[in-house]
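Next comes model-v6.txt, with compact mmCIF, C-alpha atoms.
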# COMPACT_ATOMS: atom_id res chain seq x y z
CA MET A 1 23.14 20.53 -11.10
CA ALA A 2 25.58 22.48 -13.29
CA SER A 3 23.62 21.72 -16.43
CA SER A 4 20.35 22.85 -14.90
CA SER A 5 17.96 24.74 -17.15
CA PHE A 6 16.77 26.84 -14.20
CA PRO A 7 18.18 30.37 -13.75
CA LEU A 8 18.53 29.86 -9.98
CA PRO A 9 21.34 27.89 -8.32
CA SER A 10 20.47 24.43 -7.07
CA GLU A 11 20.98 25.54 -3.44
CA ILE A 12 18.25 28.18 -3.75
CA ILE A 13 15.89 25.76 -5.50
CA PHE A 14 16.55 23.30 -2.68
CA GLU A 15 15.63 25.94 -0.08
CA ILE A 16 12.44 26.84 -1.93
CA LEU A 17 11.29 23.24 -2.30
CA THR A 18 11.83 22.47 1.39
CA ARG A 19 9.34 25.22 2.25
CA THR A 20 6.54 24.18 -0.11
CA SER A 21 3.44 22.15 0.58
CA LEU A 22 3.17 18.44 -0.13
CA LYS A 23 0.93 19.08 -3.13
CA THR A 24 3.30 21.69 -4.58
CA LEU A 25 6.25 19.37 -4.05
CA ASP A 26 4.61 16.58 -6.05
CA THR A 27 3.78 19.06 -8.81
CA CYS A 28 7.39 20.28 -8.97
CA LYS A 29 8.68 16.71 -9.14
CA ALA A 30 6.74 16.25 -12.38
CA VAL A 31 8.34 19.30 -14.04
CA ASN A 32 11.61 17.67 -15.05
CA LYS A 33 14.17 15.09 -14.00
CA GLU A 34 16.39 17.59 -12.16
CA LEU A 35 13.69 18.65 -9.71
CA HIS A 36 12.57 15.06 -9.36
CA ASN A 37 16.05 13.84 -8.38
CA LEU A 38 16.58 16.79 -6.05
CA THR A 39 13.63 15.74 -3.88
CA PHE A 40 15.14 12.28 -3.39
CA GLU A 41 18.47 13.50 -2.01
CA SER A 42 19.35 12.17 1.43
CA ASN A 43 19.06 15.47 3.31
CA PHE A 44 15.96 16.78 1.52
CA MET A 45 13.11 15.06 3.35
CA PRO A 46 14.28 15.85 6.92
CA GLN A 47 14.50 19.54 6.06
CA PHE A 48 11.23 19.49 4.14
CA CYS A 49 9.35 17.83 7.01
CA GLY A 50 10.91 20.12 9.63
CA ARG A 51 10.13 23.33 7.78
CA SER A 52 6.72 22.54 6.31
CA GLN A 53 5.23 20.41 9.10
CA ASN A 54 4.95 17.28 6.97
CA ILE A 55 5.33 13.62 7.86
CA SER A 56 7.29 10.96 6.02
CA GLY A 57 7.85 7.40 7.17
CA TYR A 58 6.20 4.01 7.47
CA PHE A 59 3.41 2.28 9.34
CA VAL A 60 4.60 -1.01 10.82
CA GLN A 61 1.81 -3.50 11.45
CA THR A 62 1.63 -6.83 13.21
CA ILE A 63 -0.82 -9.04 15.09
CA SER A 64 -0.67 -9.08 18.87
CA ARG A 65 -3.15 -11.15 20.88
CA THR A 66 -5.43 -11.67 17.87
CA LYS A 67 -5.60 -7.91 17.15
CA HIS A 68 -3.73 -5.78 14.63
CA VAL A 69 -1.32 -3.22 16.03
CA ALA A 70 0.15 -0.39 13.93
CA GLU A 71 3.01 1.95 14.78
CA PHE A 72 4.44 4.89 12.82
CA VAL A 73 8.24 5.10 12.38
CA SER A 74 10.37 7.67 10.58
CA MET A 75 13.82 9.17 10.26
CA ASP A 76 14.91 11.84 12.73
CA GLY A 77 13.20 15.14 11.92
CA CYS A 78 10.60 13.60 9.59
CA SER A 79 7.61 13.60 11.93
CA GLY A 80 6.61 17.19 11.27
CA ASN A 81 7.87 18.46 14.64
CA SER A 82 4.79 16.96 16.21
CA LYS A 83 5.00 15.31 19.60
CA ALA A 84 1.58 13.70 19.26
CA PRO A 85 1.68 10.03 18.26
CA PHE A 86 0.06 9.03 15.00
CA HIS A 87 -2.49 6.28 15.35
CA LEU A 88 -5.52 4.98 13.56
CA PRO A 89 -8.77 6.72 14.42
CA ILE A 90 -11.33 5.16 16.73
CA ASP A 91 -15.02 5.66 16.20
CA ASP A 92 -16.00 7.17 19.54
CA LYS A 93 -19.59 7.67 18.38
CA VAL A 94 -20.20 3.95 17.97
CA LYS A 95 -21.21 2.41 21.28
CA PRO A 96 -20.34 -1.24 21.86
CA ARG A 97 -23.17 -3.71 21.95
CA ASP A 98 -24.21 -5.36 25.16
CA ASN A 99 -22.43 -8.63 24.43
CA PHE A 100 -18.94 -7.22 23.75
CA SER A 101 -16.72 -4.28 24.66
CA ASN A 102 -14.35 -1.84 22.94
CA ASP A 103 -11.62 -4.46 23.24
CA ASP A 104 -13.38 -6.40 20.49
CA PHE A 105 -12.76 -3.66 17.92
CA ASP A 106 -9.88 -4.25 15.54
CA MET A 107 -8.54 -1.90 12.84
CA LYS A 108 -6.26 -3.27 10.13
CA ILE A 109 -4.34 -1.28 7.52
CA VAL A 110 -4.75 -2.85 4.09
CA ALA A 111 -3.28 -0.11 1.85
CA SER A 112 -1.45 3.21 2.14
CA THR A 113 -0.50 6.19 -0.02
CA LYS A 114 2.06 8.96 0.02
CA GLN A 115 -0.76 11.53 0.02
CA GLY A 116 -1.69 11.03 3.67
CA ILE A 117 -4.55 8.54 3.22
CA LEU A 118 -4.92 4.99 4.52
CA CYS A 119 -7.45 2.31 3.66
CA CYS A 120 -8.39 0.23 6.70
CA VAL A 121 -10.77 -2.57 7.52
CA ARG A 122 -12.40 -2.49 10.91
CA ARG A 123 -13.60 -5.67 12.57
CA THR A 124 -16.27 -5.82 15.24
CA LYS A 125 -16.74 -9.42 16.26
CA ASN A 126 -17.64 -11.04 12.90
CA GLU A 127 -18.58 -7.82 11.12
CA TYR A 128 -16.18 -5.96 8.82
CA ARG A 129 -16.30 -2.41 7.50
CA TYR A 130 -14.01 -0.59 5.07
CA HIS A 131 -12.75 2.87 6.08
CA VAL A 132 -10.61 5.59 4.57
CA CYS A 133 -8.75 7.77 7.04
CA LYS A 134 -6.13 10.46 7.46
CA PRO A 135 -4.32 9.47 10.67
CA SER A 136 -2.28 12.69 10.99
CA THR A 137 -5.51 14.64 11.53
CA LYS A 138 -7.47 11.74 13.09
CA GLN A 139 -10.11 11.90 10.37
CA TRP A 140 -11.90 8.84 9.07
CA MET A 141 -14.97 7.89 7.07
CA LYS A 142 -16.89 4.68 6.50
CA LEU A 143 -17.06 3.27 3.01
CA PRO A 144 -19.60 0.94 1.42
CA ASN A 145 -18.41 -2.64 1.67
CA PRO A 146 -17.39 -4.76 -1.32
CA ARG A 147 -18.13 -8.49 -1.40
CA MET A 148 -16.98 -9.23 2.11
CA ARG A 149 -17.86 -12.91 1.86
CA TYR A 150 -14.99 -13.22 -0.63
CA SER A 151 -11.52 -13.64 0.87
CA THR A 152 -9.34 -10.54 0.30
CA VAL A 153 -6.07 -11.19 -1.53
CA LYS A 154 -4.72 -7.69 -2.27
CA VAL A 155 -5.85 -4.10 -1.78
CA ALA A 156 -4.37 -0.99 -3.42
CA LEU A 157 -5.26 2.65 -2.70
CA ILE A 158 -4.59 5.37 -5.28
CA VAL A 159 -5.04 9.12 -4.81
CA LEU A 160 -5.79 10.70 -8.18
CA ARG A 161 -6.30 14.24 -6.89
CA SER A 162 -5.68 15.87 -3.53
CA ASN A 163 -7.97 18.92 -3.64
CA PRO A 164 -10.75 18.00 -3.84
CA LEU A 165 -9.82 14.49 -2.85
CA HIS A 166 -10.40 11.82 -5.47
CA PHE A 167 -9.23 8.30 -4.79
CA LYS A 168 -9.73 4.74 -5.96
CA ILE A 169 -9.43 1.41 -4.17
CA ILE A 170 -8.65 -1.78 -6.08
CA ARG A 171 -9.56 -4.96 -4.25
CA LEU A 172 -8.67 -8.44 -5.48
CA SER A 173 -10.52 -11.28 -3.78
CA SER A 174 -10.87 -15.03 -4.12
CA PRO A 175 -14.44 -16.37 -4.46
CA GLN A 176 -13.15 -19.86 -3.57
CA THR A 177 -15.67 -21.46 -5.88
CA LEU A 178 -14.78 -25.13 -6.26
CA PHE A 179 -16.97 -25.87 -9.28
CA HIS A 180 -16.37 -22.77 -11.39
CA HIS A 181 -15.72 -23.43 -15.10
CA TYR A 182 -12.24 -21.89 -14.77
CA ARG A 183 -11.27 -24.69 -12.40
CA LYS A 184 -12.06 -27.26 -15.10
CA LEU A 185 -9.42 -25.56 -17.24
CA GLY A 186 -6.83 -25.74 -14.46
CA LEU A 187 -7.17 -22.02 -13.74
CA ASP A 188 -8.11 -19.97 -10.73
CA TYR A 189 -9.60 -16.51 -10.94
CA LEU A 190 -9.70 -13.42 -8.78
CA CYS A 191 -12.62 -11.06 -8.49
CA CYS A 192 -11.57 -7.44 -9.12
CA GLU A 193 -13.60 -4.62 -7.53
CA ILE A 194 -12.91 -0.89 -7.80
CA PHE A 195 -14.20 1.79 -5.43
CA ASP A 196 -14.35 5.30 -6.92
CA SER A 197 -14.79 8.15 -4.45
CA GLU A 198 -16.53 10.29 -7.07
CA ALA A 199 -19.31 7.74 -7.47
CA TRP A 200 -18.95 6.55 -3.86
CA GLU A 201 -19.60 2.96 -4.82
CA TRP A 202 -17.89 -0.28 -5.79
CA ARG A 203 -18.07 -1.62 -9.31
CA ARG A 204 -17.09 -5.02 -10.64
CA GLY A 205 -14.00 -5.15 -12.86
CA LYS A 206 -12.72 -7.92 -15.07
CA ASP A 207 -11.87 -11.24 -13.47
CA LEU A 208 -8.14 -11.96 -13.42
CA LEU A 209 -7.18 -15.47 -14.46
CA VAL A 210 -4.35 -17.01 -12.45
CA PRO A 211 -3.12 -20.62 -12.77
CA GLU A 212 -3.75 -22.46 -9.53
CA GLU A 213 -0.05 -22.95 -8.86
CA LEU A 214 0.67 -19.24 -9.51
CA TYR A 215 -0.95 -17.48 -6.60
CA PHE A 216 -0.18 -14.18 -4.89
CA ASP A 217 2.57 -13.54 -2.40
CA MET A 218 0.44 -12.59 0.60
CA SER A 219 3.28 -11.12 2.67
CA THR A 220 3.99 -8.09 0.45
CA PRO A 221 1.65 -5.13 -0.15
CA ALA A 222 0.79 -3.81 -3.57
CA VAL A 223 3.20 -1.17 -4.93
CA ASN A 224 2.08 2.10 -6.56
CA ALA A 225 4.68 3.33 -9.06
CA SER A 226 4.83 4.84 -12.55
CA GLY A 227 1.05 5.23 -12.66
CA LEU A 228 0.41 1.51 -12.15
CA VAL A 229 -0.24 -0.96 -9.34
CA TYR A 230 2.16 -3.88 -9.11
CA VAL A 231 1.63 -7.14 -7.22
CA LYS A 232 4.05 -10.05 -6.90
CA LEU A 233 3.03 -13.63 -7.58
CA ARG A 234 4.56 -16.56 -5.75
CA ASP A 235 6.17 -17.92 -8.91
CA ASP A 236 8.36 -14.78 -9.24
CA LEU A 237 6.06 -13.13 -11.77
CA VAL A 238 4.77 -9.56 -11.43
CA MET A 239 1.30 -8.35 -12.42
CA ALA A 240 0.80 -4.70 -13.46
CA LEU A 241 -2.70 -3.20 -13.14
CA ASN A 242 -3.93 0.19 -14.26
CA TYR A 243 -6.25 2.24 -12.08
CA ASN A 244 -9.31 0.55 -13.62
CA GLY A 245 -8.12 -2.86 -12.46
CA ASP A 246 -7.10 -4.09 -15.92
CA GLU A 247 -3.72 -5.63 -16.66
CA ALA A 248 -1.56 -2.97 -18.33
CA PHE A 249 0.75 -5.42 -20.11
CA PRO A 250 1.70 -9.10 -19.91
CA ARG A 251 3.08 -10.41 -16.63
CA PHE A 252 6.85 -10.30 -16.35
CA SER A 253 9.49 -12.09 -14.33
CA LEU A 254 11.67 -10.75 -11.55
CA PRO A 255 15.39 -10.24 -12.40
CA LYS A 256 16.77 -13.65 -13.35
CA PRO A 257 20.26 -13.22 -11.75
CA ALA A 258 18.58 -12.86 -8.36
CA PHE A 259 17.28 -16.44 -8.53
CA GLU A 260 20.82 -17.78 -8.12
CA TYR A 261 21.44 -16.20 -4.71
CA GLU A 262 21.24 -18.29 -1.56
CA ASP A 263 19.28 -15.62 0.31
CA TYR A 264 16.95 -14.92 -2.62
CA ARG A 265 13.90 -15.47 -0.39
CA TYR A 266 14.69 -12.15 1.32
CA ASN A 267 13.37 -10.02 -1.53
CA GLN A 268 10.79 -7.29 -1.97
CA LEU A 269 9.00 -5.22 -4.59
CA MET A 270 9.00 -1.51 -3.69
CA GLU A 271 8.76 2.00 -5.07
CA TYR A 272 12.13 3.60 -5.84
CA ASN A 273 12.27 7.23 -7.00
CA GLY A 274 8.79 6.94 -8.48
CA LYS A 275 9.49 3.68 -10.33
CA LEU A 276 9.06 0.01 -9.54
CA GLY A 277 12.08 -1.37 -7.72
CA PHE A 278 13.15 -4.80 -6.57
CA THR A 279 15.73 -5.64 -3.91
CA CYS A 280 17.24 -8.87 -2.70
CA LEU A 281 20.25 -9.99 -0.71
CA SER A 282 23.29 -10.94 -2.77
CA PRO A 283 26.70 -12.44 -1.89
CA LYS A 284 28.12 -8.89 -1.82
CA GLY A 285 25.29 -7.34 0.19
CA MET A 286 22.12 -5.97 -1.36
CA LYS A 287 21.14 -5.43 -4.99
CA LEU A 288 18.57 -3.00 -6.34
CA TRP A 289 16.92 -3.31 -9.76
CA VAL A 290 14.59 -0.74 -11.35
CA PHE A 291 11.93 -1.69 -13.89
CA GLU A 292 11.71 0.47 -17.01
CA ASN A 293 8.10 0.42 -18.21
CA GLY A 294 8.90 1.69 -21.69
CA ARG A 295 11.24 -1.18 -22.55
CA GLN A 296 9.77 -3.51 -19.91
CA VAL A 297 13.19 -4.60 -18.66
CA TRP A 298 14.95 -4.65 -15.31
CA GLU A 299 18.08 -2.51 -14.92
CA LEU A 300 20.57 -3.11 -12.13
CA LYS A 301 20.73 0.21 -10.28
CA LYS A 302 23.22 -0.50 -7.48
CA GLU A 303 24.79 -3.13 -5.29
CA VAL A 304 25.85 -2.09 -1.80
CA ASP A 305 27.68 -3.68 1.08
CA ILE A 306 25.58 -4.19 4.24
CA GLU A 307 28.23 -5.91 6.36
CA THR A 308 27.76 -3.35 9.15
CA VAL A 309 24.08 -4.35 9.42
CA TYR A 310 25.01 -8.03 9.78
CA GLY A 311 26.94 -7.06 12.87
CA MET A 312 23.63 -6.05 14.45
CA THR A 313 21.22 -8.65 13.05
CA LYS A 314 21.59 -11.90 11.13
CA PHE A 315 18.31 -11.52 9.27
CA PRO A 316 18.17 -8.11 7.55
CA THR A 317 15.47 -7.91 4.89
CA PRO A 318 15.28 -4.89 2.52
CA VAL A 319 11.68 -3.68 2.37
CA GLY A 320 11.86 -0.16 0.93
CA PHE A 321 13.81 2.95 0.05
CA TYR A 322 13.20 6.08 2.06
CA ASN A 323 14.98 8.08 -0.64
CA ALA A 324 17.67 7.43 -3.24
CA ASP A 325 20.39 6.71 -0.66
CA ILE A 326 18.59 5.41 2.43
CA ALA A 327 17.22 1.86 2.47
CA LEU A 328 14.69 0.53 4.94
CA MET A 329 15.37 -2.92 6.35
CA LYS A 330 13.66 -5.05 8.93
CA ASP A 331 14.28 -8.06 11.09
CA TYR A 332 11.82 -9.76 13.39
CA TYR A 333 11.66 -7.06 16.06
CA GLN A 334 12.88 -3.74 14.63
CA VAL A 335 13.35 -1.61 11.52
CA ILE A 336 16.63 -0.17 10.27
CA PHE A 337 17.33 2.93 8.17
CA TYR A 338 20.57 2.15 6.30
CA LYS A 339 22.56 4.96 4.65
CA LEU A 340 24.21 3.63 1.52
CA GLN A 341 26.84 6.38 1.24
CA ASP A 342 28.65 5.97 4.57
CA LYS A 343 27.23 2.52 5.53
CA SER A 344 25.83 3.84 8.78
CA PHE A 345 22.39 2.96 10.10
CA ASN A 346 19.74 3.97 12.60
CA VAL A 347 17.80 1.30 14.46
CA VAL A 348 14.21 2.11 15.42
CA LYS A 349 12.95 0.15 18.40
CA LEU A 350 9.23 -0.52 18.32
CA ASP A 351 7.05 0.39 21.28
CA LYS A 352 3.73 -1.18 20.29
CA CYS A 353 4.55 -3.89 17.75
CA PRO A 354 6.19 -6.98 19.28
CA THR A 355 7.24 -8.15 15.79
CA VAL A 356 7.42 -6.72 12.26
CA GLN A 357 5.04 -8.30 9.75
CA GLU A 358 3.81 -5.64 7.30
CA ILE A 359 5.25 -2.25 6.36
CA PHE A 360 3.28 0.49 4.57
CA PRO A 361 5.01 3.63 3.19
CA PHE A 362 3.26 6.81 4.29
CA ARG A 363 3.62 10.55 3.79
CA SER A 364 1.24 13.29 4.91
CA ASP A 365 0.71 16.89 5.90
CA LEU A 366 -1.18 18.03 9.01
CA GLU A 367 -3.99 19.83 7.21
CA PRO A 368 -7.58 18.55 7.59
CA ILE A 369 -9.14 17.21 4.42
CA ASP A 370 -12.64 16.52 3.16
CA LEU A 371 -12.58 12.75 2.76
CA ARG A 372 -15.84 12.75 0.85
CA MET A 373 -16.30 14.94 -2.21
CA ARG A 374 -19.23 17.33 -2.16
CA GLY A 375 -20.48 15.91 -5.43
CA ALA A 376 -20.60 12.47 -3.86
CA ALA A 377 -22.24 13.57 -0.61
CA ASN A 378 -25.75 12.70 -1.76
CA VAL A 379 -24.84 9.64 -3.76
CA VAL A 380 -26.49 6.49 -2.49
CA SER A 381 -24.20 3.55 -3.11
CA SER A 382 -25.57 0.84 -5.35
CA THR A 383 -23.40 -1.72 -3.62
CA LYS A 384 -26.34 -3.20 -1.77
CA TYR A 385 -28.07 -3.82 -5.11
CA LEU A 386 -25.01 -5.30 -6.80
CA TYR A 387 -23.97 -7.50 -3.90
CA ARG A 388 -27.00 -8.97 -2.18
CA PRO A 389 -26.43 -10.74 1.16
CA PHE A 390 -25.85 -14.48 0.90
CA TRP A 391 -29.00 -15.38 2.83
CA ILE A 392 -31.15 -13.53 0.28
CA SER A 393 -29.67 -15.67 -2.50
CA LEU A 394 -30.55 -18.80 -0.52
CA VAL A 395 -34.13 -17.59 -0.06
CA ILE A 396 -34.46 -16.94 -3.81
CA VAL A 397 -33.13 -20.41 -4.62
CA PHE A 398 -35.48 -22.00 -2.07
CA ILE A 399 -38.53 -20.19 -3.50
CA PHE A 400 -37.53 -21.22 -7.03
CA LEU A 401 -37.18 -24.89 -6.06
CA PHE A 402 -40.40 -24.83 -4.06
CA SER A 403 -42.33 -23.38 -7.02
CA ILE A 404 -41.02 -26.14 -9.30
CA LEU A 405 -42.11 -28.85 -6.88
CA PHE A 406 -45.51 -27.19 -6.36
CA PHE A 407 -46.38 -26.95 -10.05
CA HIS A 408 -45.22 -30.51 -10.75
CA ALA A 409 -47.16 -31.94 -7.85
What would the structure in this file look like if it were written as structure tokens?
Amino acid sequence: MASSSFPLPSEIIFEILTRTSLKTLDTCKAVNKELHNLTFESNFMPQFCGRSQNISGYFVQTISRTKHVAEFVSMDGCSGNSKAPFHLPIDDKVKPRDNFSNDDFDMKIVASTKQGILCCVRRTKNEYRYHVCKPSTKQWMKLPNPRMRYSTVKVALIVLRSNPLHFKIIRLSSPQTLFHHYRKLGLDYLCCEIFDSEAWEWRRGKDLLVPEELYFDMSTPAVNASGLVYVKLRDDLVMALNYNGDEAFPRFSLPKPAFEYEDYRYNQLMEYNGKLGFTCLSPKGMKLWVFENGRQVWELKKEVDIETVYGMTKFPTPVGFYNADIALMKDYYQVIFYKLQDKSFNVVKLDKCPTVQEIFPFRSDLEPIDLRMRGAANVVSSTKYLYRPFWISLVIVFIFLFSILFFHA
């Protein structure tokens, strides 16, 4: 950092940043490129987490015996010096009904943030309820439900402000309507719903048209980067949504050279240094591209050898970047932190998850938070008026038909 515009040496700035709060760190990252890059150095996050009692890692999720199981994993020294395990909260105040027990409760992570918040869906028998929670402090809160009769395709959670907390949830769902007019045009459509914590209610966004053969890749979560939400389609196209659920610009393709690789199927969209990244296996190891929003082009960032990883597993799949020089990989039963500089790696054995299916990046402090804004405390959600239960619609239709028959009799 010889060309730094700061009067202090980079070593002192490094020491100061590792002792700040999570909120202050994110503010400093937005000051200029030098501070931003400094926070992504390999040795920054372990020191930051150790000194400031913060957490940085990933939630690994899978299904075991028909229930979702989540487990938190991180690099050494990045668990905030806390010996307590991090787990999803359980509603102890809710007593099970007579016909089922606590074993019938299931909590599934559907979206995560790097501001300590998760969006989860809790299942009780055939009932579902959306929650927002902060697992590091075991806080949670119920949310109004969107159109739960629609099948969920993607969910994204965005924190717009930490204090007081202001967040949005974008949910894309499939109505599965066989006779909709879009189907006659050879198109499918997705229902877009946005939950705003300030209003404490869901609102309907614009429908997103998707050709029937171009559906979503269900195995990868949505990616928050560069102020947008990115989701990957199965035809190797990417959709970019703003925080109101509208498409920010036309859909674009993944890097074309990657299509030629034999192991192209092992690929992933991810956040890399605040931008949208894409990784895939190449003949020489692993390639990383970064998407530049301004020019809307992919730039090849690096290609690294991962031969040492192949000595441990035959199926390494890149799924994220912990920082600029540490990649996260997975196989069927474990996750691997791979250091690009010296080609060393740390294998994390899972205690709760028998396999690895979904991975959600997560970062948090240990400070309690007010999950519901004071201004929204007395807001009554209009969700129940916007989304009437299905049986009410049937009753209305029945009354309408009965009245027609009665007056024509």
Among A:Arg129, A:His36, A:Arg171, A:Lys29, Trp202 in chain A is approached most closely, using all atoms listed in the file, by A:Arg171
So that I can check the surroundings of Val69 in chain A, please list as a list in words every protein, DNA and RNA residue that reaches within 7 Å of it, counting only C-alpha atoms and ignoring chain neighbours fewer than 6 positions away.
Gln61, Thr62, Ile63, Lys352 and Cys353 of chain A
CA of Asn273 in chain A to CA of Asn37 in chain A measures 7.7 Å
Note to self: If we count only C-alpha atoms and set the cut-off at 7 Å, which residues sit around Val229 in chain A, ignoring sequence neighbours fewer than 3 positions away in its own chain? Please answer as an NGL selection string.
What the structure shows: :A and (222-225 or 240-242)
Counting all atoms listed in the file, figure out which residue out of A:Met45, A:Leu8, A:Val290, A:Cys192 gets nearest to Tyr150 in chain A.
->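 So, comparing all the options, the nearest one is A:Cys192.
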Q. Between CA of Lys302 in chain A and CA of Lys287 in chain A, what is the distance, to one decimal in Å?
A.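 So the two atoms, CA of Lys302 in chain A and CA of Lys287 in chain A, lie 5.9 Å apart.
Among the candidates A:Ser282, A:Ser74, A:Gln296, A:Asn54, the one nearest to Arg251 in chain A when counting all atoms listed in the file is A:Gln296.
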(message) Can you measure CA of Gly311 in chain A to CA of Ile336 in chain A for me? One decimal in Å is fine.
(response)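 CA of Ile336 in chain A lies at a distance of 12.7 Å from CA of Gly311 in chain A.
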Practice problem: Give as a PyMOL selection string every residue, naming chains and numbers as the document does, that has an atom within 10 Å of (13.0, -3.1, 0.4), counting all atoms listed in the file. | Solution: chain A and resi 266-272+277-280+286+288+317-322+327-330+359
Those residues you just picked out, can you put them in a file as a short mmCIF file (atom, residue, chain, number, x, y, z; two decimals), in the frame of the given file with C-alpha atoms?
data_model
loop_
_atom_site.label_atom_id
_atom_site.label_comp_id
_atom_site.auth_asym_id
_atom_site.auth_seq_id
_atom_site.Cartn_x
_atom_site.Cartn_y
_atom_site.Cartn_z
CA TYR A 266 14.69 -12.15 1.32
CA ASN A 267 13.37 -10.02 -1.53
CA GLN A 268 10.79 -7.29 -1.97
CA LEU A 269 9.00 -5.22 -4.59
CA MET A 270 9.00 -1.51 -3.69
CA GLU A 271 8.76 2.00 -5.07
CA TYR A 272 12.13 3.60 -5.84
CA GLY A 277 12.08 -1.37 -7.72
CA PHE A 278 13.15 -4.80 -6.57
CA THR A 279 15.73 -5.64 -3.91
CA CYS A 280 17.24 -8.87 -2.70
CA MET A 286 22.12 -5.97 -1.36
CA LEU A 288 18.57 -3.00 -6.34
CA THR A 317 15.47 -7.91 4.89
CA PRO A 318 15.28 -4.89 2.52
CA VAL A 319 11.68 -3.68 2.37
CA GLY A 320 11.86 -0.16 0.93
CA PHE A 321 13.81 2.95 0.05
CA TYR A 322 13.20 6.08 2.06
CA ALA A 327 17.22 1.86 2.47
CA LEU A 328 14.69 0.53 4.94
CA MET A 329 15.37 -2.92 6.35
CA LYS A 330 13.66 -5.05 8.93
CA ILE A 359 5.25 -2.25 6.36
#
(Q) Just checking: using all atoms listed in the file, which residue out of A:Cys119, A:Ile326, A:Val153, A:Val238 ends up closest to Pro255 in chain A? (A)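 Counting all atoms listed in the file, the residue closest to Pro255 in chain A is A:Val238.
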Closest of A:Glu41, A:Glu358, A:Glu201, A:Asp188 to Phe14 in chain A, counting only C-alpha atoms, is A:Glu41
